[in-house]
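Trainee: Just one file: start-v9.cif, with mmCIF, C-alpha atoms and all ligand atoms.
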```
data_input
loop_
_atom_site.group_PDB
_atom_site.id
_atom_site.type_symbol
_atom_site.label_atom_id
_atom_site.label_comp_id
_atom_site.auth_asym_id
_atom_site.auth_seq_id
_atom_site.Cartn_x
_atom_site.Cartn_y
_atom_site.Cartn_z
ATOM 1 C CA MET A 128 88.317 66.908 106.268
ATOM 2 C CA ASP A 129 90.124 70.164 106.903
ATOM 3 C CA LYS A 130 89.346 72.924 104.496
ATOM 4 C CA ILE A 131 92.419 74.628 103.113
ATOM 5 C CA ILE A 132 92.144 78.337 102.428
ATOM 6 C CA ILE A 133 94.406 79.300 99.546
ATOM 7 C CA VAL A 134 95.362 82.917 99.116
ATOM 8 C CA GLY A 135 97.974 85.031 97.344
ATOM 9 C CA HIS A 136 99.373 88.417 98.332
ATOM 10 C CA LYS A 137 97.590 91.729 98.892
ATOM 11 C CA ASN A 138 97.229 93.952 95.825
ATOM 12 C CA PRO A 139 97.115 90.741 93.804
ATOM 13 C CA ASP A 140 98.750 90.363 90.421
ATOM 14 C CA THR A 141 97.838 87.706 87.871
ATOM 15 C CA ASP A 142 100.269 85.096 89.237
ATOM 16 C CA SER A 143 98.878 85.549 92.726
ATOM 17 C CA ILE A 144 95.288 84.950 91.599
ATOM 18 C CA VAL A 145 95.728 82.173 89.044
ATOM 19 C CA SER A 146 98.134 80.228 91.238
ATOM 20 C CA ALA A 147 95.527 80.234 94.023
ATOM 21 C CA ILE A 148 92.832 78.946 91.638
ATOM 22 C CA ALA A 149 95.153 76.288 90.191
ATOM 23 C CA ALA A 150 96.313 75.268 93.663
ATOM 24 C CA GLN A 151 92.661 74.677 94.542
ATOM 25 C CA GLU A 152 92.451 72.166 91.682
ATOM 26 C CA PHE A 153 95.709 70.584 92.850
ATOM 27 C CA PHE A 154 94.705 70.271 96.509
ATOM 28 C CA THR A 155 91.175 69.132 95.764
ATOM 29 C CA LYS A 156 91.656 66.763 92.831
ATOM 30 C CA VAL A 157 95.230 65.570 93.246
ATOM 31 C CA LEU A 158 95.662 65.506 97.016
ATOM 32 C CA GLY A 159 91.992 64.945 97.854
ATOM 33 C CA LYS A 160 91.951 67.825 100.331
ATOM 34 C CA GLU A 161 89.002 70.177 100.414
ATOM 35 C CA SER A 162 90.212 73.657 99.554
ATOM 36 C CA LYS A 163 89.108 77.032 98.270
ATOM 37 C CA ALA A 164 90.913 79.862 96.490
ATOM 38 C CA TYR A 165 90.489 83.432 97.691
ATOM 39 C CA ARG A 166 91.865 86.809 96.667
ATOM 40 C CA ALA A 167 93.414 89.411 98.957
ATOM 41 C CA GLY A 168 92.333 92.528 97.099
ATOM 42 C CA VAL A 169 91.004 94.040 93.904
ATOM 43 C CA LEU A 170 91.949 92.486 90.566
ATOM 44 C CA ASN A 171 93.869 94.414 87.945
ATOM 45 C CA ASN A 172 92.608 94.685 84.357
ATOM 46 C CA GLU A 173 94.970 91.985 83.081
ATOM 47 C CA THR A 174 93.756 89.415 85.605
ATOM 48 C CA LYS A 175 90.120 90.341 84.951
ATOM 49 C CA PHE A 176 90.691 89.811 81.223
ATOM 50 C CA ILE A 177 92.278 86.392 81.789
ATOM 51 C CA LEU A 178 89.567 85.067 84.105
ATOM 52 C CA GLU A 179 86.890 86.261 81.699
ATOM 53 C CA LYS A 180 88.675 84.754 78.709
ATOM 54 C CA VAL A 181 89.134 81.393 80.446
ATOM 55 C CA GLY A 182 85.608 81.526 81.876
ATOM 56 C CA VAL A 183 86.561 81.277 85.519
ATOM 57 C CA GLU A 184 84.866 83.198 88.299
ATOM 58 C CA ILE A 185 86.693 85.819 90.321
ATOM 59 C CA PRO A 186 87.605 84.288 93.708
ATOM 60 C CA GLU A 187 85.940 85.660 96.804
ATOM 61 C CA GLN A 188 87.759 88.274 98.842
ATOM 62 C CA ILE A 189 89.319 86.794 101.973
ATOM 63 C CA VAL A 190 87.739 88.432 104.995
ATOM 64 C CA ALA A 191 88.690 86.482 108.076
ATOM 65 C CA ILE A 192 89.742 82.975 108.969
ATOM 66 C CA ASN A 193 88.582 80.670 111.744
ATOM 67 C CA GLU A 194 90.836 79.293 114.407
ATOM 68 C CA GLU A 195 90.763 75.773 112.938
ATOM 69 C CA ASP A 196 91.344 76.826 109.320
ATOM 70 C CA SER A 197 94.377 75.625 107.443
ATOM 71 C CA VAL A 198 95.959 78.261 105.212
ATOM 72 C CA ALA A 199 98.035 77.885 102.063
ATOM 73 C CA LEU A 200 99.951 81.007 101.060
ATOM 74 C CA VAL A 201 100.793 81.218 97.382
ATOM 75 C CA ASP A 202 103.094 83.713 95.650
ATOM 76 C CA HIS A 203 104.220 85.342 98.925
ATOM 77 C CA ASN A 204 105.216 84.590 102.483
ATOM 78 C CA GLU A 205 106.306 87.968 103.898
ATOM 79 C CA ALA A 206 104.056 89.214 106.708
ATOM 80 C CA GLY A 207 103.728 92.699 105.227
ATOM 81 C CA GLN A 208 102.326 91.265 101.998
ATOM 82 C CA THR A 209 99.701 88.943 103.380
ATOM 83 C CA PHE A 210 96.059 89.676 104.191
ATOM 84 C CA GLU A 211 94.978 91.502 107.308
ATOM 85 C CA GLY A 212 94.190 89.158 110.193
ATOM 86 C CA LEU A 213 96.290 86.155 109.207
ATOM 87 C CA ASN A 214 97.667 84.235 112.144
ATOM 88 C CA TYR A 215 100.831 82.518 110.930
ATOM 89 C CA GLY A 216 99.993 79.619 113.242
ATOM 90 C CA ASN A 217 97.292 78.676 110.691
ATOM 91 C CA VAL A 218 99.713 78.490 107.772
ATOM 92 C CA ASP A 219 100.339 74.872 106.778
ATOM 93 C CA TYR A 220 101.480 75.410 103.182
ATOM 94 C CA ILE A 221 103.627 77.886 101.297
ATOM 95 C CA ILE A 222 104.095 77.702 97.547
ATOM 96 C CA ASP A 223 106.248 80.618 96.437
ATOM 97 C CA HIS A 224 109.104 81.952 94.328
ATOM 98 C CA HIS A 225 110.090 84.915 96.514
ATOM 99 C CA LYS A 226 112.674 84.965 99.243
ATOM 100 C CA LEU A 227 111.743 83.147 102.421
ATOM 101 C CA SER A 228 111.227 85.736 105.109
ATOM 102 C CA ILE A 229 109.349 84.071 107.940
ATOM 103 C CA VAL A 230 110.085 81.559 110.670
ATOM 104 C CA THR A 231 107.367 79.025 111.422
ATOM 105 C CA GLU A 232 106.619 77.505 114.801
ATOM 106 C CA LYS A 233 105.797 74.091 113.394
ATOM 107 C CA PRO A 234 106.770 72.036 110.359
ATOM 108 C CA ILE A 235 104.844 73.026 107.256
ATOM 109 C CA PHE A 236 104.601 71.991 103.631
ATOM 110 C CA CYS A 237 106.835 74.441 101.822
ATOM 111 C CA ARG A 238 107.549 74.471 98.107
ATOM 112 C CA MET A 239 109.849 77.270 97.038
ATOM 113 C CA GLU A 240 112.091 77.598 94.025
ATOM 114 C CA PRO A 241 113.843 80.454 92.252
ATOM 115 C CA ILE A 242 111.645 80.200 89.191
ATOM 116 C CA GLY A 243 109.764 82.753 87.073
ATOM 117 C CA SER A 244 106.349 82.398 88.664
ATOM 118 C CA THR A 245 104.374 80.565 91.303
ATOM 119 C CA SER A 246 102.269 79.316 88.399
ATOM 120 C CA SER A 247 105.371 77.505 87.068
ATOM 121 C CA LEU A 248 105.802 75.787 90.414
ATOM 122 C CA ILE A 249 102.199 74.620 90.562
ATOM 123 C CA ALA A 250 102.420 73.332 86.983
ATOM 124 C CA LYS A 251 105.515 71.404 88.070
ATOM 125 C CA MET A 252 103.645 69.889 91.020
ATOM 126 C CA PHE A 253 100.977 68.566 88.635
ATOM 127 C CA PHE A 254 103.473 67.260 86.082
ATOM 128 C CA GLU A 255 105.673 65.582 88.708
ATOM 129 C CA ARG A 256 102.722 63.473 89.726
ATOM 130 C CA SER A 257 101.535 62.984 86.152
ATOM 131 C CA ALA A 258 98.246 64.332 87.482
ATOM 132 C CA GLU A 259 95.425 65.304 85.185
ATOM 133 C CA MET A 260 94.931 69.031 84.705
ATOM 134 C CA SER A 261 91.834 70.756 83.345
ATOM 135 C CA GLU A 262 92.140 72.919 80.242
ATOM 136 C CA ALA A 263 91.063 75.973 82.247
ATOM 137 C CA CYS A 264 93.769 75.308 84.828
ATOM 138 C CA ALA A 265 96.424 74.963 82.095
ATOM 139 C CA LYS A 266 95.312 78.261 80.548
ATOM 140 C CA LEU A 267 95.442 80.034 83.893
ATOM 141 C CA LEU A 268 98.896 78.703 84.772
ATOM 142 C CA LEU A 269 100.193 79.614 81.335
ATOM 143 C CA ALA A 270 98.823 83.138 81.797
ATOM 144 C CA GLY A 271 100.512 83.320 85.212
ATOM 145 C CA ILE A 272 103.898 82.376 83.725
ATOM 146 C CA LEU A 273 103.542 84.812 80.808
ATOM 147 C CA SER A 274 102.450 87.620 83.116
ATOM 148 C CA ASP A 275 105.127 87.202 85.801
ATOM 149 C CA THR A 276 107.976 86.688 83.310
ATOM 150 C CA LEU A 277 106.675 89.434 80.981
ATOM 151 C CA ASN A 278 106.520 86.899 78.154
ATOM 152 C CA PHE A 279 109.930 85.450 79.141
ATOM 153 C CA THR A 280 111.717 88.819 78.949
ATOM 154 C CA SER A 281 112.173 89.385 82.695
ATOM 155 C CA PRO A 282 115.557 88.369 84.158
ATOM 156 C CA THR A 283 113.576 86.190 86.586
ATOM 157 C CA THR A 284 112.766 83.848 83.670
ATOM 158 C CA THR A 285 114.345 80.396 83.717
ATOM 159 C CA GLN A 286 114.640 77.762 80.988
ATOM 160 C CA GLU A 287 112.230 75.679 83.033
ATOM 161 C CA ASP A 288 109.521 78.365 82.783
ATOM 162 C CA LYS A 289 109.673 78.088 79.000
ATOM 163 C CA GLU A 290 109.515 74.292 79.077
ATOM 164 C CA LEU A 291 106.623 74.299 81.524
ATOM 165 C CA ALA A 292 104.747 76.842 79.394
ATOM 166 C CA GLU A 293 105.160 74.600 76.379
ATOM 167 C CA LYS A 294 103.856 71.588 78.296
ATOM 168 C CA LEU A 295 100.930 73.642 79.577
ATOM 169 C CA ASN A 296 100.079 74.772 76.090
ATOM 170 C CA ASN A 297 99.744 71.141 74.978
ATOM 171 C CA ILE A 298 96.656 71.218 77.201
ATOM 172 C CA ALA A 299 95.667 74.894 76.897
ATOM 173 C CA LYS A 300 96.093 75.103 73.100
ATOM 174 C CA LEU A 301 96.321 78.892 72.987
ATOM 175 C CA ASN A 302 97.899 81.075 70.331
ATOM 176 C CA ILE A 303 100.499 82.411 72.758
ATOM 177 C CA GLU A 304 101.621 85.513 70.843
ATOM 178 C CA GLU A 305 98.036 86.610 70.337
ATOM 179 C CA PHE A 306 97.121 85.820 73.945
ATOM 180 C CA VAL A 307 100.113 87.747 75.339
ATOM 181 C CA GLY A 308 99.214 90.737 73.174
ATOM 182 C CA GLU A 309 95.693 90.753 74.583
ATOM 183 C CA MET A 310 96.981 90.290 78.139
ATOM 184 C CA PHE A 311 99.434 93.182 77.851
ATOM 185 C CA ASN A 312 96.841 95.473 76.306
ATOM 186 C CA ALA A 313 94.532 94.705 79.215
ATOM 187 C CA LYS A 314 97.410 95.258 81.665
ATOM 188 C CA SER A 315 98.103 98.686 80.150
ATOM 189 C CA SER A 316 94.484 99.769 80.013
ATOM 190 C CA LEU A 317 93.577 102.648 82.300
ATOM 191 C CA GLU A 318 89.861 101.975 81.896
ATOM 192 C CA GLY A 319 88.219 102.268 85.306
ATOM 193 C CA ILE A 320 91.619 102.867 86.924
ATOM 194 C CA SER A 321 91.910 105.749 89.383
ATOM 195 C CA LEU A 322 95.110 107.520 90.336
ATOM 196 C CA GLN A 323 95.123 105.575 93.605
ATOM 197 C CA ASP A 324 94.732 102.320 91.642
ATOM 198 C CA ILE A 325 97.817 103.127 89.571
ATOM 199 C CA ILE A 326 100.012 103.329 92.644
ATOM 200 C CA THR A 327 98.378 100.611 94.735
ATOM 201 C CA LEU A 328 97.254 97.813 92.372
ATOM 202 C CA ASP A 329 100.759 96.325 92.374
ATOM 203 C CA TYR A 330 102.222 97.731 95.581
ATOM 204 C CA LYS A 331 104.360 95.838 98.061
ATOM 205 C CA THR A 332 106.270 96.743 101.199
ATOM 206 C CA PHE A 333 109.595 95.166 102.055
ATOM 207 C CA GLU A 334 111.714 94.927 105.176
ATOM 208 C CA MET A 335 115.242 95.867 104.182
ATOM 209 C CA GLY A 336 117.663 95.864 107.092
ATOM 210 C CA LYS A 337 116.060 98.223 109.615
ATOM 211 C CA SER A 338 114.093 100.065 106.931
ATOM 212 C CA ASN A 339 110.636 99.558 105.505
ATOM 213 C CA VAL A 340 110.366 100.295 101.835
ATOM 214 C CA GLY A 341 107.209 100.612 99.744
ATOM 215 C CA ILE A 342 107.501 99.935 96.010
ATOM 216 C CA GLY A 343 104.655 100.245 93.530
ATOM 217 C CA THR A 344 104.878 98.999 89.962
ATOM 218 C CA TRP A 345 102.916 99.821 86.830
ATOM 219 C CA GLU A 346 103.721 97.550 83.901
ATOM 220 C CA THR A 347 102.596 98.959 80.596
ATOM 221 C CA THR A 348 103.084 98.940 76.850
ATOM 222 C CA ASN A 349 102.552 102.706 76.961
ATOM 223 C CA PRO A 350 104.538 104.511 79.735
ATOM 224 C CA GLN A 351 103.458 107.890 78.423
ATOM 225 C CA SER A 352 99.846 107.154 79.433
ATOM 226 C CA VAL A 353 101.020 107.134 83.059
ATOM 227 C CA ASN A 354 103.796 109.727 82.810
ATOM 228 C CA VAL A 355 101.298 112.423 81.811
ATOM 229 C CA LYS A 356 99.940 112.061 85.366
ATOM 230 C CA LYS A 357 103.410 112.288 86.940
ATOM 231 C CA GLU A 358 102.791 115.321 89.169
ATOM 232 C CA GLN A 359 99.615 113.839 90.672
ATOM 233 C CA ILE A 360 101.245 110.447 91.101
ATOM 234 C CA LEU A 361 104.243 111.951 92.923
ATOM 235 C CA GLN A 362 101.871 113.825 95.242
ATOM 236 C CA ALA A 363 99.868 110.658 95.942
ATOM 237 C CA LEU A 364 103.088 108.746 96.641
ATOM 238 C CA ILE A 365 104.222 111.370 99.160
ATOM 239 C CA GLU A 366 100.896 111.002 100.958
ATOM 240 C CA LYS A 367 101.090 107.220 100.847
ATOM 241 C CA LYS A 368 104.589 107.290 102.297
ATOM 242 C CA ASN A 369 103.256 109.218 105.310
ATOM 243 C CA VAL A 370 100.178 107.043 105.754
ATOM 244 C CA ASP A 371 102.089 103.753 105.420
ATOM 245 C CA LYS A 372 104.935 105.083 107.593
ATOM 246 C CA VAL A 373 107.609 103.623 105.340
ATOM 247 C CA ASP A 374 111.169 104.968 105.249
ATOM 248 C CA HIS A 375 111.392 104.990 101.458
ATOM 249 C CA MET A 376 108.779 104.999 98.731
ATOM 250 C CA PHE A 377 109.428 104.173 95.094
ATOM 251 C CA PHE A 378 107.259 103.728 92.037
ATOM 252 C CA MET A 379 108.314 101.916 88.871
ATOM 253 C CA VAL A 380 106.768 102.554 85.469
ATOM 254 C CA VAL A 381 107.935 99.519 83.520
ATOM 255 C CA ASP A 382 107.911 99.588 79.729
ATOM 256 C CA ILE A 383 107.242 95.928 78.945
ATOM 257 C CA ILE A 384 107.894 96.367 75.232
ATOM 258 C CA LYS A 385 111.222 98.221 75.386
ATOM 259 C CA GLY A 386 112.276 96.561 78.648
ATOM 260 C CA ASN A 387 113.136 99.526 80.839
ATOM 261 C CA CYS A 388 111.963 101.303 83.968
ATOM 262 C CA GLN A 389 111.282 104.879 84.929
ATOM 263 C CA LEU A 390 111.729 105.050 88.671
ATOM 264 C CA TYR A 391 109.735 107.876 90.260
ATOM 265 C CA ILE A 392 111.760 109.731 92.912
ATOM 266 C CA ILE A 393 109.527 111.506 95.427
ATOM 267 C CA SER A 394 112.075 113.240 97.685
ATOM 268 C CA GLU A 395 115.734 113.864 98.460
ATOM 269 C CA THR A 396 115.830 110.750 100.716
ATOM 270 C CA GLU A 397 114.915 108.443 97.841
ATOM 271 C CA LYS A 398 117.138 110.377 95.442
ATOM 272 C CA VAL A 399 120.253 109.873 97.572
ATOM 273 C CA LEU A 400 119.519 106.178 98.050
ATOM 274 C CA ALA A 401 118.657 105.482 94.414
ATOM 275 C CA GLU A 402 121.703 107.329 93.074
ATOM 276 C CA LYS A 403 123.929 105.329 95.397
ATOM 277 C CA VAL A 404 122.342 101.980 94.518
ATOM 278 C CA PHE A 405 121.602 102.334 90.816
ATOM 279 C CA GLY A 406 124.271 104.866 89.843
ATOM 280 C CA ALA A 407 121.974 106.764 87.491
ATOM 281 C CA LYS A 408 120.925 110.424 87.425
ATOM 282 C CA VAL A 409 117.521 111.799 88.398
ATOM 283 C CA GLU A 410 115.939 114.123 85.891
ATOM 284 C CA ASP A 411 112.554 115.725 86.510
ATOM 285 C CA GLU A 412 111.887 113.345 89.437
ATOM 286 C CA ILE A 413 112.525 110.289 87.254
ATOM 287 C CA MET A 414 115.501 107.938 87.197
ATOM 288 C CA PHE A 415 115.695 106.049 83.905
ATOM 289 C CA LEU A 416 116.908 102.475 84.315
ATOM 290 C CA PRO A 417 117.516 100.676 81.010
ATOM 291 C CA GLY A 418 117.017 96.921 81.137
ATOM 292 C CA VAL A 419 115.291 97.018 84.523
ATOM 293 C CA VAL A 420 111.866 95.317 84.587
ATOM 294 C CA SER A 421 111.893 93.153 87.712
ATOM 295 C CA ARG A 422 111.149 94.673 91.106
ATOM 296 C CA LYS A 423 112.084 91.448 92.876
ATOM 297 C CA LYS A 424 115.424 90.883 91.242
ATOM 298 C CA GLN A 425 116.667 94.259 90.018
ATOM 299 C CA ILE A 426 115.249 96.702 92.561
ATOM 300 C CA VAL A 427 114.614 94.892 95.854
ATOM 301 C CA VAL A 428 117.884 92.925 95.878
ATOM 302 C CA PRO A 429 120.301 95.865 95.421
ATOM 303 C CA LEU A 430 118.235 98.127 97.721
ATOM 304 C CA THR A 431 118.192 95.466 100.434
ATOM 305 C CA GLU A 432 121.935 95.014 100.114
ATOM 306 C CA GLU A 433 122.518 98.743 100.630
ATOM 307 C CA LEU A 434 120.020 99.167 103.463
ATOM 308 C CA SER A 435 121.362 96.115 105.318
ATOM 309 C CA LYS A 436 124.889 97.572 105.556
HETATM 310 MN MN MN B 1 104.676 85.755 91.294
#
```
Here is a file; write its structure as structure tokens.

Mentor:
Amino acid sequence: MDKIIIVGHKNPDTDSIVSAIAAQEFFTKVLGKESKAYRAGVLNNETKFILEKVGVEIPEQIVAINEEDSVALVDHNEAGQTFEGLNYGNVDYIIDHHKLSIVTEKPIFCRMEPIGSTSSLIAKMFFERSAEMSEACAKLLLAGILSDTLNFTSPTTTQEDKELAEKLNNIAKLNIEEFVGEMFNAKSSLEGISLQDIITLDYKTFEMGKSNVGIGTWETTNPQSVNVKKEQILQALIEKKNVDKVDHMFFMVVDIIKGNCQLYIISETEKVLAEKVFGAKVEDEIMFLPGVVSRKKQIVVPLTEELSK
């Protein structure tokens, strides 16, 4: 039997980790294919809290793959977001809710939908087959949906995400409001978090037209806890822009309670672009964007449109 290596994106978020663990249960128990979930980086405090709460071990870090390995990418497909050393020839499965941005050389199993989380998609795959799901798996998938949709407040949320969460909670039996509160407190916690962690724990690069753009996100119930470090963060972002050799570098501090974003503007280049795309003013290196919480839908899409002109 081929062993399937399941892995989410670099700088993993909760959805990326729990969808890999749940996909392992799906591949192994439902499809009868030997598989193992890995992580492609350090876990954030929210994900750590969830795994501890559910009583699931942290997946091993992916180091390298063998020539004969079969790889399942979850929660991403873009080359810039995957782990170092992946040969796309080994990818046989993609389960994702981001835009498709690769061309494969052979037919692969590909499950992609514009839905709130990869966790939602994996829940759907179980339910479609009326397959049995463990309580731990249901809890993890529910956490993945709640995390990626910011408790159904992100514009990426669909009606289906809510229905799937309800079905999952028939198995998970969690007090959702209480659980979300604990998750978001853990997400906002700066305990053991360095300045570098703040800008890199949820950092992704994107190809937009001929430009490469790096965008970090910090989702928090308490933006002020990060904003007090603004000067150091801006400096670290300027350095990261040089090291990563990207054309633009942005950083979003997302207030997940009030539902808005403070976009950090590191230089004139970003200022000109952001003013053009978002039509808001920059004050003290910050552009305030009311109602903006989703990088994927509200930042990447309009930026890509502009940079592809
Ligand atoms: Mn996701």

Trainee: Each side padded by 4 Å, which centre and which edge lengths in Å (one decimal) define the axis-aligned box around the listed atoms of segment 322-325 of chain A? Give them as JSON.

Mentor:
```
{"center_x": 96.3, "center_y": 104.9, "center_z": 91.6, "size_x": 11.1, "size_y": 13.2, "size_z": 12.0}
```

Trainee: Using the chain letters and numbering of this document, enumerate as JSON, numbers by chain the residues selected by the PyMOL selection byres (((not hetatm)) within 9 of (chain B and resi 1)).

Mentor: {"A": [140, 141, 142, 143, 146, 201, 202, 203, 223, 224, 225, 243, 244, 245, 246, 271, 272, 274, 275, 276]}

Trainee: At what distance in Å, to one decimal, does atom CA of Asn138 of chain A lie from atom CA of Ser197 of chain A?

Mentor: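 Separation between atom CA of Ser197 of chain A and atom CA of Asn138 of chain A: 21.9 Å.
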
Trainee: Suppose a student applies the PyMOL selection byres (((chain A and resi 384) around 9) and not hetatm) to this structure; what residues should they get, written as number ranges by chain?

Mentor: A: 347-349, 381-383, 385-387

Trainee: Kindly save the residues from that selection, with C-alpha atoms included, as an mmCIF file, in the coordinates of the input.

Mentor:
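So the final result, stored in result.cif, reads:
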```cif
data_model
loop_
_atom_site.group_PDB
_atom_site.id
_atom_site.type_symbol
_atom_site.label_atom_id
_atom_site.label_comp_id
_atom_site.auth_asym_id
_atom_site.auth_seq_id
_atom_site.Cartn_x
_atom_site.Cartn_y
_atom_site.Cartn_z
ATOM 1 C CA THR A 347 102.596 98.959 80.596
ATOM 2 C CA THR A 348 103.084 98.940 76.850
ATOM 3 C CA ASN A 349 102.552 102.706 76.961
ATOM 4 C CA VAL A 381 107.935 99.519 83.520
ATOM 5 C CA ASP A 382 107.911 99.588 79.729
ATOM 6 C CA ILE A 383 107.242 95.928 78.945
ATOM 7 C CA LYS A 385 111.222 98.221 75.386
ATOM 8 C CA GLY A 386 112.276 96.561 78.648
ATOM 9 C CA ASN A 387 113.136 99.526 80.839
#
```

Trainee: Just so the selection is clear, what residues does the PyMOL selection byres (((chain A and resi 296) around 12) and not hetatm) cover here, as a list in words?

Mentor: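 Written out, the selection comes to Ala250, Met260, Ser261, Glu262, Ala263, Cys264, Ala265, Lys266, Leu267, Leu268, Leu269, Ala270, Ile272, Leu273, Lys289, Glu290, Leu291, Ala292, Glu293, Lys294, Leu295, Asn297, Ile298, Ala299, Lys300, Leu301, Asn302, Ile303 and Phe306 of chain A.
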
Trainee: Between atom CA of Gln208 of chain A and atom CA of Lys331 of chain A, what is the spacing in Å?

Mentor: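 It comes out at 6.4 Å.
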
Trainee: Residues around (107.5, 104.8, 103.8), cut-off 12 Å, counting all atoms listed in the file - what are they as a ChimeraX atom specification?

Mentor: /A:331-335,338-343,364-378,393-394,396-397

Trainee: Interatomic distance between atom CA of Thr327 of chain A and atom CA of Ile229 of chain A?

Mentor: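 Distance between the two atoms: 23.8 Å.
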
Trainee: Tell me which of A:Gln351, A:Asn214, A:Ser321, A:Thr155 sits closest to Ala363 of chain A, counting only C-alpha atoms.

Mentor: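 Closest to Ala363 of chain A, using only C-alpha atoms: A:Ser321.
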
Trainee: Let me make sure I understand: among A:Ala191, A:Thr344, A:Asn278, A:Ile360, which one has the smallest atom-to-atom distance to Ile426 of chain A if we use all atoms listed in the file?

Mentor: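 Using all atoms listed in the file, Ile426 of chain A sits closest to A:Thr344.
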
Trainee: If you count only C-alpha atoms, which residues fall within 10 Å of Val157 of chain A, apart from same-chain ones fewer than 5 positions away, as a JSON list (two decimals) with C-alpha atoms, keeping the file's coordinate frame?

Mentor:
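After the write, around-v3.json holds the following:
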```
[["chain", "number", "residue", "atom", "x", "y", "z"],
["A", 150, "ALA", "CA", 96.31, 75.27, 93.66],
["A", 151, "GLN", "CA", 92.66, 74.68, 94.54],
["A", 152, "GLU", "CA", 92.45, 72.17, 91.68],
["A", 252, "MET", "CA", 103.64, 69.89, 91.02],
["A", 253, "PHE", "CA", 100.98, 68.57, 88.64],
["A", 256, "ARG", "CA", 102.72, 63.47, 89.73],
["A", 257, "SER", "CA", 101.54, 62.98, 86.15],
["A", 258, "ALA", "CA", 98.25, 64.33, 87.48],
["A", 259, "GLU", "CA", 95.42, 65.30, 85.18],
["A", 260, "MET", "CA", 94.93, 69.03, 84.70]]
```
